[in-house]
$ cat upload.pdb   # PDB, C-alpha atoms
ATOM      1  CA  MET A   1      -8.593   9.288  -1.466
ATOM      2  CA  THR A   2      -7.653   8.128  -4.929
ATOM      3  CA  GLU A   3     -10.320   8.880  -7.507
ATOM      4  CA  PRO A   4     -10.566   8.080 -11.206
ATOM      5  CA  THR A   5     -10.592  11.270 -13.274
ATOM      6  CA  GLY A   6     -11.895   9.660 -16.443
ATOM      7  CA  ARG A   7      -8.422   9.529 -17.974
ATOM      8  CA  ARG A   8      -6.097   8.275 -15.238
ATOM      9  CA  VAL A   9      -5.809   7.542 -11.543
ATOM     10  CA  THR A  10      -4.715  10.447  -9.359
ATOM     11  CA  THR A  11      -3.467  10.474  -5.783
ATOM     12  CA  PRO A  12      -4.381  12.932  -3.041
ATOM     13  CA  TYR A  13      -0.835  14.309  -3.185
ATOM     14  CA  GLU A  14      -0.756  15.389  -6.834
ATOM     15  CA  GLY A  15      -0.055  19.075  -7.143
ATOM     16  CA  ARG A  16       1.470  19.240  -3.677
ATOM     17  CA  PRO A  17       5.124  20.230  -3.496
ATOM     18  CA  ALA A  18       7.884  18.069  -2.086
ATOM     19  CA  VAL A  19       8.228  18.518   1.676
ATOM     20  CA  TRP A  20      11.765  17.465   2.639
ATOM     21  CA  ASP A  21      13.116  19.528   5.533
ATOM     22  CA  ASP A  22      16.793  18.968   6.394
ATOM     23  CA  ALA A  23      16.247  20.241   9.936
ATOM     24  CA  ALA A  24      13.221  18.076  10.740
ATOM     25  CA  PRO A  25      13.554  14.827  12.675
ATOM     26  CA  ILE A  26      12.729  11.652  10.742
ATOM     27  CA  GLU A  27      10.014   9.418  12.200
ATOM     28  CA  ALA A  28      10.639   5.702  12.442
ATOM     29  CA  PRO A  29       8.495   4.563  10.720
ATOM     30  CA  LEU A  30       7.212   7.497   8.687
ATOM     31  CA  ARG A  31       3.542   8.358   9.226
ATOM     32  CA  LEU A  32       2.680  10.305   6.100
ATOM     33  CA  HIS A  33      -0.762   9.146   4.976
ATOM     34  CA  ARG A  34      -4.186   8.754   6.585
ATOM     35  CA  THR A  35      -7.500   8.140   4.862
ATOM     36  CA  THR A  36     -10.947   6.673   5.396
ATOM     37  CA  ALA A  37     -12.238   3.670   3.447
ATOM     38  CA  PRO A  38     -14.787   5.203   1.009
ATOM     39  CA  PRO A  39     -17.876   3.538  -0.520
ATOM     40  CA  GLU A  40     -16.202   3.076  -3.928
ATOM     41  CA  TRP A  41     -13.572   0.835  -2.323
ATOM     42  CA  MET A  42     -16.162  -1.642  -1.005
ATOM     43  CA  ASP A  43     -16.927  -4.874  -2.873
ATOM     44  CA  TYR A  44     -19.795  -7.375  -3.021
ATOM     45  CA  ASN A  45     -18.690  -8.858   0.323
ATOM     46  CA  ASP A  46     -19.212  -5.461   2.004
ATOM     47  CA  HIS A  47     -15.548  -4.935   2.754
ATOM     48  CA  MET A  48     -12.627  -3.262   0.979
ATOM     49  CA  SER A  49     -11.823  -4.860  -2.380
ATOM     50  CA  GLU A  50      -8.349  -6.366  -2.752
ATOM     51  CA  SER A  51      -7.331  -3.937  -5.513
ATOM     52  CA  CYS A  52      -8.144  -1.000  -3.247
ATOM     53  CA  PHE A  53      -5.575  -2.144  -0.694
ATOM     54  CA  LEU A  54      -2.960  -1.612  -3.412
ATOM     55  CA  LEU A  55      -4.529   1.749  -4.248
ATOM     56  CA  ALA A  56      -4.222   2.835  -0.600
ATOM     57  CA  PHE A  57      -0.606   1.635  -0.421
ATOM     58  CA  GLY A  58       0.071   3.521  -3.671
ATOM     59  CA  ASP A  59      -1.204   6.718  -2.052
ATOM     60  CA  SER A  60       1.073   6.032   0.916
ATOM     61  CA  ALA A  61       4.012   5.549  -1.481
ATOM     62  CA  ASP A  62       3.170   8.847  -3.194
ATOM     63  CA  ALA A  63       3.202  10.607   0.189
ATOM     64  CA  PHE A  64       6.656   9.083   0.745
ATOM     65  CA  PHE A  65       7.826  10.292  -2.680
ATOM     66  CA  ARG A  66       6.744  13.868  -1.789
ATOM     67  CA  PHE A  67       8.506  13.568   1.558
ATOM     68  CA  LEU A  68      11.676  12.463  -0.229
ATOM     69  CA  GLY A  69      11.509  15.214  -2.872
ATOM     70  CA  ILE A  70       9.864  13.533  -5.847
ATOM     71  CA  ASP A  71       6.976  15.657  -7.092
ATOM     72  CA  GLU A  72       5.632  16.975 -10.424
ATOM     73  CA  ALA A  73       8.671  19.203 -10.934
ATOM     74  CA  TYR A  74      11.015  16.268 -10.375
ATOM     75  CA  ARG A  75       9.050  14.083 -12.806
ATOM     76  CA  ALA A  76       8.912  16.908 -15.359
ATOM     77  CA  GLY A  77      12.721  16.751 -15.278
ATOM     78  CA  GLY A  78      12.498  13.242 -16.726
ATOM     79  CA  HIS A  79      12.858  11.000 -13.663
ATOM     80  CA  SER A  80      10.540   9.041 -11.395
ATOM     81  CA  LEU A  81      10.252   5.975  -9.184
ATOM     82  CA  TYR A  82       8.497   2.950 -10.663
ATOM     83  CA  THR A  83       7.258  -0.045  -8.725
ATOM     84  CA  SER A  84       9.062  -3.225  -9.718
ATOM     85  CA  GLN A  85       7.437  -5.637  -7.237
ATOM     86  CA  THR A  86       4.724  -5.534  -4.589
ATOM     87  CA  HIS A  87       3.784  -8.233  -2.103
ATOM     88  CA  LEU A  88       0.522  -7.653  -0.211
ATOM     89  CA  HIS A  89      -0.392  -9.347   3.043
ATOM     90  CA  HIS A  90      -4.058  -9.049   4.033
ATOM     91  CA  ARG A  91      -4.570  -9.416   7.789
ATOM     92  CA  HIS A  92      -8.120  -8.194   8.471
ATOM     93  CA  GLU A  93     -11.112  -6.934   6.552
ATOM     94  CA  VAL A  94     -11.603  -3.182   6.163
ATOM     95  CA  SER A  95     -15.133  -1.821   6.489
ATOM     96  CA  LEU A  96     -16.799   1.228   4.991
ATOM     97  CA  GLY A  97     -15.701   4.404   6.763
ATOM     98  CA  GLU A  98     -12.893   2.710   8.677
ATOM     99  CA  PRO A  99     -10.053   5.142   9.439
ATOM    100  CA  LEU A 100      -6.762   3.974   7.938
ATOM    101  CA  ALA A 101      -3.335   5.035   9.190
ATOM    102  CA  MET A 102      -0.399   4.137   6.953
ATOM    103  CA  THR A 103       3.303   3.884   7.778
ATOM    104  CA  VAL A 104       6.378   3.503   5.581
ATOM    105  CA  GLN A 105       9.677   1.921   6.606
ATOM    106  CA  LEU A 106      12.755   2.138   4.396
ATOM    107  CA  LEU A 107      14.321  -1.328   4.568
ATOM    108  CA  ASP A 108      17.203  -0.789   2.151
ATOM    109  CA  HIS A 109      18.362   1.248  -0.821
ATOM    110  CA  ASP A 110      21.180   1.505  -3.295
ATOM    111  CA  ARG A 111      21.952   3.969  -6.072
ATOM    112  CA  ARG A 112      18.899   2.908  -8.142
ATOM    113  CA  ARG A 113      16.520   0.937  -5.910
ATOM    114  CA  LEU A 114      14.482   1.338  -2.743
ATOM    115  CA  HIS A 115      13.030  -1.509  -0.684
ATOM    116  CA  VAL A 116      10.139  -0.245   1.457
ATOM    117  CA  PHE A 117       7.568  -1.735   3.798
ATOM    118  CA  HIS A 118       4.106  -0.264   4.379
ATOM    119  CA  GLU A 119       1.647  -1.022   7.151
ATOM    120  CA  MET A 120      -2.050  -0.190   7.105
ATOM    121  CA  ARG A 121      -3.555   0.044  10.577
ATOM    122  CA  ASP A 122      -6.977   0.847  11.910
ATOM    123  CA  GLY A 123      -6.650   4.546  12.706
ATOM    124  CA  GLU A 124      -8.444   4.143  16.046
ATOM    125  CA  THR A 125      -7.408   0.743  17.428
ATOM    126  CA  GLY A 126      -3.973   0.363  15.819
ATOM    127  CA  LEU A 127      -4.834  -3.146  14.582
ATOM    128  CA  VAL A 128      -2.665  -4.141  11.595
ATOM    129  CA  LEU A 129      -5.044  -4.555   8.648
ATOM    130  CA  ALA A 130      -2.560  -5.147   5.821
ATOM    131  CA  GLU A 131       1.111  -4.891   4.881
ATOM    132  CA  ALA A 132       2.856  -4.234   1.587
ATOM    133  CA  GLU A 133       6.467  -4.776   0.644
ATOM    134  CA  GLN A 134       7.673  -2.885  -2.440
ATOM    135  CA  LEU A 135      10.766  -2.706  -4.564
ATOM    136  CA  LEU A 136      10.992   0.658  -6.340
ATOM    137  CA  VAL A 137      13.346   1.543  -9.187
ATOM    138  CA  HIS A 138      14.534   5.022 -10.153
ATOM    139  CA  VAL A 139      14.041   5.559 -13.889
ATOM    140  CA  ASP A 140      14.918   7.930 -16.686
ATOM    141  CA  THR A 141      11.438   8.271 -18.169
ATOM    142  CA  ALA A 142      12.649   9.413 -21.603
ATOM    143  CA  ALA A 143      15.075   6.506 -21.961
ATOM    144  CA  GLY A 144      12.668   4.031 -20.364
ATOM    145  CA  ARG A 145      15.332   2.438 -18.179
ATOM    146  CA  SER A 146      16.747   2.566 -14.676
ATOM    147  CA  THR A 147      19.217   5.254 -13.741
ATOM    148  CA  ASP A 148      21.074   6.424 -10.645
ATOM    149  CA  LEU A 149      19.312   8.591  -8.105
ATOM    150  CA  PRO A 150      20.773  12.088  -7.801
ATOM    151  CA  PRO A 151      23.191  12.646  -4.883
ATOM    152  CA  GLU A 152      20.678  14.814  -2.994
ATOM    153  CA  LEU A 153      18.052  12.046  -2.941
ATOM    154  CA  LEU A 154      20.673   9.461  -1.974
ATOM    155  CA  ARG A 155      21.726  11.695   0.923
ATOM    156  CA  ARG A 156      18.103  11.923   2.074
ATOM    157  CA  LEU A 157      17.649   8.165   1.760
ATOM    158  CA  ASP A 158      20.798   7.650   3.831
ATOM    159  CA  ARG A 159      19.272   9.840   6.576
ATOM    160  CA  ILE A 160      15.987   7.925   6.467
ATOM    161  CA  ALA A 161      17.875   4.603   6.529
ATOM    162  CA  GLU A 162      19.801   5.734   9.590
ATOM    163  CA  ALA A 163      16.575   6.683  11.397
ATOM    164  CA  HIS A 164      14.842   3.454  10.336
ATOM    165  CA  GLY A 165      17.845   1.297  11.243
ATOM    166  CA  VAL A 166      16.467   1.019  14.798
ATOM    167  CA  LEU A 167      13.265  -0.656  13.573
ATOM    168  CA  PRO A 168      12.971  -4.444  13.512
ATOM    169  CA  ARG A 169      12.762  -6.051  10.094
ATOM    170  CA  PRO A 170       9.158  -7.215   9.615
ATOM    171  CA  ASP A 171       8.920 -11.007   9.617
ATOM    172  CA  VAL A 172       6.998 -11.145   6.313
ATOM    173  CA  VAL A 173       9.693  -9.324   4.329
ATOM    174  CA  GLY A 174      11.108 -11.472   1.552
ATOM    175  CA  ARG A 175       8.905 -14.407   2.427
ATOM    176  CA  PRO A 176       8.065 -16.536  -0.614
ATOM    177  CA  MET A 177       4.486 -17.373  -1.440
ATOM    178  CA  GLY A 178       3.354 -20.973  -1.461
ATOM    179  CA  ILE A 179       1.428 -23.665   0.346
ATOM    180  CA  ARG A 180       3.331 -24.874   3.379
ATOM    181  CA  ARG A 181       3.033 -28.629   3.699
ATOM    182  CA  THR A 182       3.870 -31.073   6.405
ATOM    183  CA  THR A 183       4.408 -34.781   5.757
ATOM    184  CA  ASN A 184       0.716 -35.324   6.582
ATOM    185  CA  ASP A 185      -0.278 -32.860   3.818
ATOM    186  CA  ASP A 186       1.077 -34.910   0.894
ATOM    187  CA  PRO A 187      -1.351 -34.102  -1.969
ATOM    188  CA  ALA A 188      -0.915 -37.601  -3.431
ATOM    189  CA  GLN A 189      -2.287 -39.102  -0.219
ATOM    190  CA  GLN A 190      -5.303 -36.740  -0.245
ATOM    191  CA  ARG A 191      -6.676 -37.951  -3.596
TER     192      ARG A 191
END
$ encode --input "upload.pdb" --output "structure tokens"
Amino acid sequence: MTEPTGRRVTTPYEGRPAVWDDAAPIEAPLRLHRTTAPPEWMDYNDHMSESCFLLAFGDSADAFFRFLGIDEAYRAGGHSLYTSQTHLHHRHEVSLGEPLAMTVQLLDHDRRRLHVFHEMRDGETGLVLAEAEQLLVHVDTAAGRSTDLPPELLRRLDRIAEAHGVLPRPDVVGRPMGIRRTTNDDPAQQR
């Protein structure tokens, strides 16, 4: 569970080492993060606040970073992944104490960017509660700009991409936001 420390937001994975294992099979999708919706994530409507969905997906992304090999030691070396874009899709409300099971699917990557898709499901029923699509950029933190991923991380991403290549592309990926209108929905005619 992500908790404010008074100075910054932390994730449940801080202080944990990277976990990449060359010999281990790669799940498709990856199932790296589970949590329970805590009281501090609930809003005045008695369900999870919209900002807390992003917080939960951020924890899932951090679990993925550890899996890949990006931890405190990696960041201390002057590199990290930054989120460039996130698109959230809310499907169902989340209640206090609801078990949440998160998955991550690598959709694409190049030498500097990763395109990932997260799902949040009810940990008991499997019902899809929310989805998040993210574009991540590898950065040189001292220079404050994007930079190439090291060959070892690219090799790992290639392995994940191969394993995830069997998964269907989620239908919401890349979908623009807007109000879909039919000819009967002309706003000028509704005034």
$ residues_around --input "upload.pdb" --residues "range 120-122 of chain A" --least-positions-apart "5" --cutoff "8 Å" --atoms "only C-alpha atoms" --output "JSON, numbers by chain"
{"A": [57, 98, 99, 100, 101, 102, 103, 127, 128, 129, 130, 131]}
$ residues_around --input "upload.pdb" --residues "Glu152 in chain A" --least-positions-apart "5" --cutoff "10 Å" --atoms "all atoms listed in the file" --output "list in words"
Leu68, Gly69, Leu157 and Asp158 of chain A
$ atom_distance --input "upload.pdb" --atom1 "CA of Glu72 in chain A" --atom2 "CA of Gly15 in chain A"
6.9 Å
$ residues_around --input "upload.pdb" --residues "Ile160 in chain A" --least-positions-apart "2" --cutoff "9 Å" --atoms "only C-alpha atoms" --output "list of chain:residue names"
A:Ile26, A:Glu27, A:Ala28, A:Gln105, A:Leu106, A:Arg155, A:Arg156, A:Leu157, A:Asp158, A:Glu162, A:Ala163, A:His164, A:Gly165
$ write_last_selection --input "upload.pdb" --atoms "C-alpha atoms" --output "PDB file, keeping the file's coordinate frame"
ATOM      1  CA  ILE A  26      12.729  11.652  10.742  1.00  0.00           C
ATOM      2  CA  GLU A  27      10.014   9.418  12.200  1.00  0.00           C
ATOM      3  CA  ALA A  28      10.639   5.702  12.442  1.00  0.00           C
ATOM      4  CA  GLN A 105       9.677   1.921   6.606  1.00  0.00           C
ATOM      5  CA  LEU A 106      12.755   2.138   4.396  1.00  0.00           C
ATOM      6  CA  ARG A 155      21.726  11.695   0.923  1.00  0.00           C
ATOM      7  CA  ARG A 156      18.103  11.923   2.074  1.00  0.00           C
ATOM      8  CA  LEU A 157      17.649   8.165   1.760  1.00  0.00           C
ATOM      9  CA  ASP A 158      20.798   7.650   3.831  1.00  0.00           C
ATOM     10  CA  GLU A 162      19.801   5.734   9.590  1.00  0.00           C
ATOM     11  CA  ALA A 163      16.575   6.683  11.397  1.00  0.00           C
ATOM     12  CA  HIS A 164      14.842   3.454  10.336  1.00  0.00           C
ATOM     13  CA  GLY A 165      17.845   1.297  11.243  1.00  0.00           C
TER      14      GLY A 165
END
$ closest_residue --input "upload.pdb" --among "A:Pro168, A:Gly78, A:Pro151, A:Pro12" --to "Pro29 in chain A" --atoms "only C-alpha atoms"
A:Pro168
$ closest_residue --input "upload.pdb" --among "A:Ala61, A:Val104, A:Val94, A:Val9" --to "Arg31 in chain A" --atoms "only C-alpha atoms"
A:Val104
$ atom_distance --input "upload.pdb" --atom1 "CA of Ile70 in chain A" --atom2 "CA of Leu153 in chain A"
8.8 Å
$ residues_around --input "upload.pdb" --residues "Glu14 in chain A" --least-positions-apart "5" --cutoff "10 Å" --atoms "all atoms listed in the file" --output "ChimeraX atom specification"
/A:59,62-63,66,71-72
$ closest_residue --input "upload.pdb" --among "A:Glu93, A:His33, A:Ala23, A:His87" --to "Ser49 in chain A" --atoms "all atoms listed in the file"
A:Glu93
$ atom_distance --input "upload.pdb" --atom1 "CA of Arg159 in chain A" --atom2 "CA of Phe53 in chain A"
28.5 Å
$ closest_residue --input "upload.pdb" --among "A:His109, A:His118, A:Arg8, A:His92" --to "Val173 in chain A" --atoms "only C-alpha atoms"
A:His118
$ build_atoms --input "upload.pdb" --residues "range 170-181 of chain A" --atoms "all heavy atoms" --output "short mmCIF file (atom, residue, chain, number, x, y, z; two decimals), keeping the file's coordinate frame"
data_model
loop_
_atom_site.label_atom_id
_atom_site.label_comp_id
_atom_site.auth_asym_id
_atom_site.auth_seq_id
_atom_site.Cartn_x
_atom_site.Cartn_y
_atom_site.Cartn_z
N PRO A 170 10.41 -6.46 9.53
CA PRO A 170 9.16 -7.22 9.62
C PRO A 170 9.34 -8.67 9.18
O PRO A 170 10.06 -8.95 8.22
CB PRO A 170 8.23 -6.46 8.65
CG PRO A 170 8.80 -5.07 8.60
CD PRO A 170 10.28 -5.26 8.71
N ASP A 171 8.70 -9.58 9.87
CA ASP A 171 8.92 -11.01 9.62
C ASP A 171 8.40 -11.47 8.27
O ASP A 171 8.81 -12.52 7.78
CB ASP A 171 8.33 -11.87 10.74
CG ASP A 171 6.83 -11.77 10.87
OD1 ASP A 171 6.21 -10.88 10.25
OD2 ASP A 171 6.25 -12.58 11.61
N VAL A 172 7.53 -10.73 7.62
CA VAL A 172 7.00 -11.14 6.31
C VAL A 172 7.87 -10.69 5.15
O VAL A 172 7.65 -11.12 4.02
CB VAL A 172 5.55 -10.64 6.09
CG1 VAL A 172 4.61 -11.23 7.13
CG2 VAL A 172 5.49 -9.13 6.08
N VAL A 173 8.85 -9.86 5.41
CA VAL A 173 9.69 -9.32 4.33
C VAL A 173 10.47 -10.44 3.65
O VAL A 173 11.12 -11.25 4.31
CB VAL A 173 10.66 -8.24 4.87
CG1 VAL A 173 11.72 -7.88 3.84
CG2 VAL A 173 9.88 -7.00 5.27
N GLY A 174 10.37 -10.50 2.34
CA GLY A 174 11.11 -11.47 1.55
C GLY A 174 10.57 -12.89 1.62
O GLY A 174 11.16 -13.80 1.04
N ARG A 175 9.46 -13.06 2.28
CA ARG A 175 8.90 -14.41 2.43
C ARG A 175 8.29 -14.86 1.10
O ARG A 175 7.48 -14.15 0.52
CB ARG A 175 7.84 -14.41 3.52
CG ARG A 175 7.38 -15.81 3.88
CD ARG A 175 6.33 -15.81 4.93
NE ARG A 175 6.89 -15.41 6.23
CZ ARG A 175 6.15 -15.21 7.29
NH1 ARG A 175 4.84 -15.32 7.23
NH2 ARG A 175 6.72 -14.86 8.42
N PRO A 176 8.66 -16.04 0.64
CA PRO A 176 8.06 -16.54 -0.61
C PRO A 176 6.62 -16.97 -0.41
O PRO A 176 6.20 -17.29 0.70
CB PRO A 176 8.95 -17.73 -0.98
CG PRO A 176 9.53 -18.18 0.31
CD PRO A 176 9.64 -16.95 1.18
N MET A 177 5.87 -16.94 -1.49
CA MET A 177 4.49 -17.37 -1.44
C MET A 177 4.40 -18.85 -1.80
O MET A 177 5.13 -19.31 -2.67
CB MET A 177 3.66 -16.56 -2.44
CG MET A 177 2.19 -16.81 -2.35
SD MET A 177 1.22 -15.89 -3.58
CE MET A 177 1.81 -14.23 -3.38
N GLY A 178 3.55 -19.56 -1.15
CA GLY A 178 3.35 -20.97 -1.46
C GLY A 178 2.52 -21.64 -0.40
O GLY A 178 2.17 -21.04 0.61
N ILE A 179 2.20 -22.88 -0.61
CA ILE A 179 1.43 -23.66 0.35
C ILE A 179 2.42 -24.44 1.19
O ILE A 179 3.20 -25.26 0.67
CB ILE A 179 0.46 -24.61 -0.38
CG1 ILE A 179 -0.54 -23.80 -1.21
CG2 ILE A 179 -0.25 -25.54 0.61
CD1 ILE A 179 -1.42 -24.62 -2.11
N ARG A 180 2.43 -24.15 2.48
CA ARG A 180 3.33 -24.87 3.38
C ARG A 180 2.73 -26.25 3.67
O ARG A 180 1.58 -26.36 4.02
CB ARG A 180 3.51 -24.10 4.67
CG ARG A 180 4.33 -22.86 4.45
CD ARG A 180 4.65 -22.19 5.77
NE ARG A 180 4.64 -20.75 5.51
CZ ARG A 180 4.00 -19.86 6.23
NH1 ARG A 180 3.35 -20.21 7.31
NH2 ARG A 180 4.02 -18.59 5.91
N ARG A 181 3.52 -27.26 3.50
CA ARG A 181 3.03 -28.63 3.70
C ARG A 181 3.87 -29.33 4.77
O ARG A 181 5.06 -29.10 4.89
CB ARG A 181 3.13 -29.42 2.40
CG ARG A 181 2.28 -28.83 1.29
CD ARG A 181 2.07 -29.85 0.20
NE ARG A 181 1.37 -29.29 -0.93
CZ ARG A 181 0.05 -29.24 -1.03
NH1 ARG A 181 -0.71 -29.68 -0.08
NH2 ARG A 181 -0.52 -28.73 -2.11
#
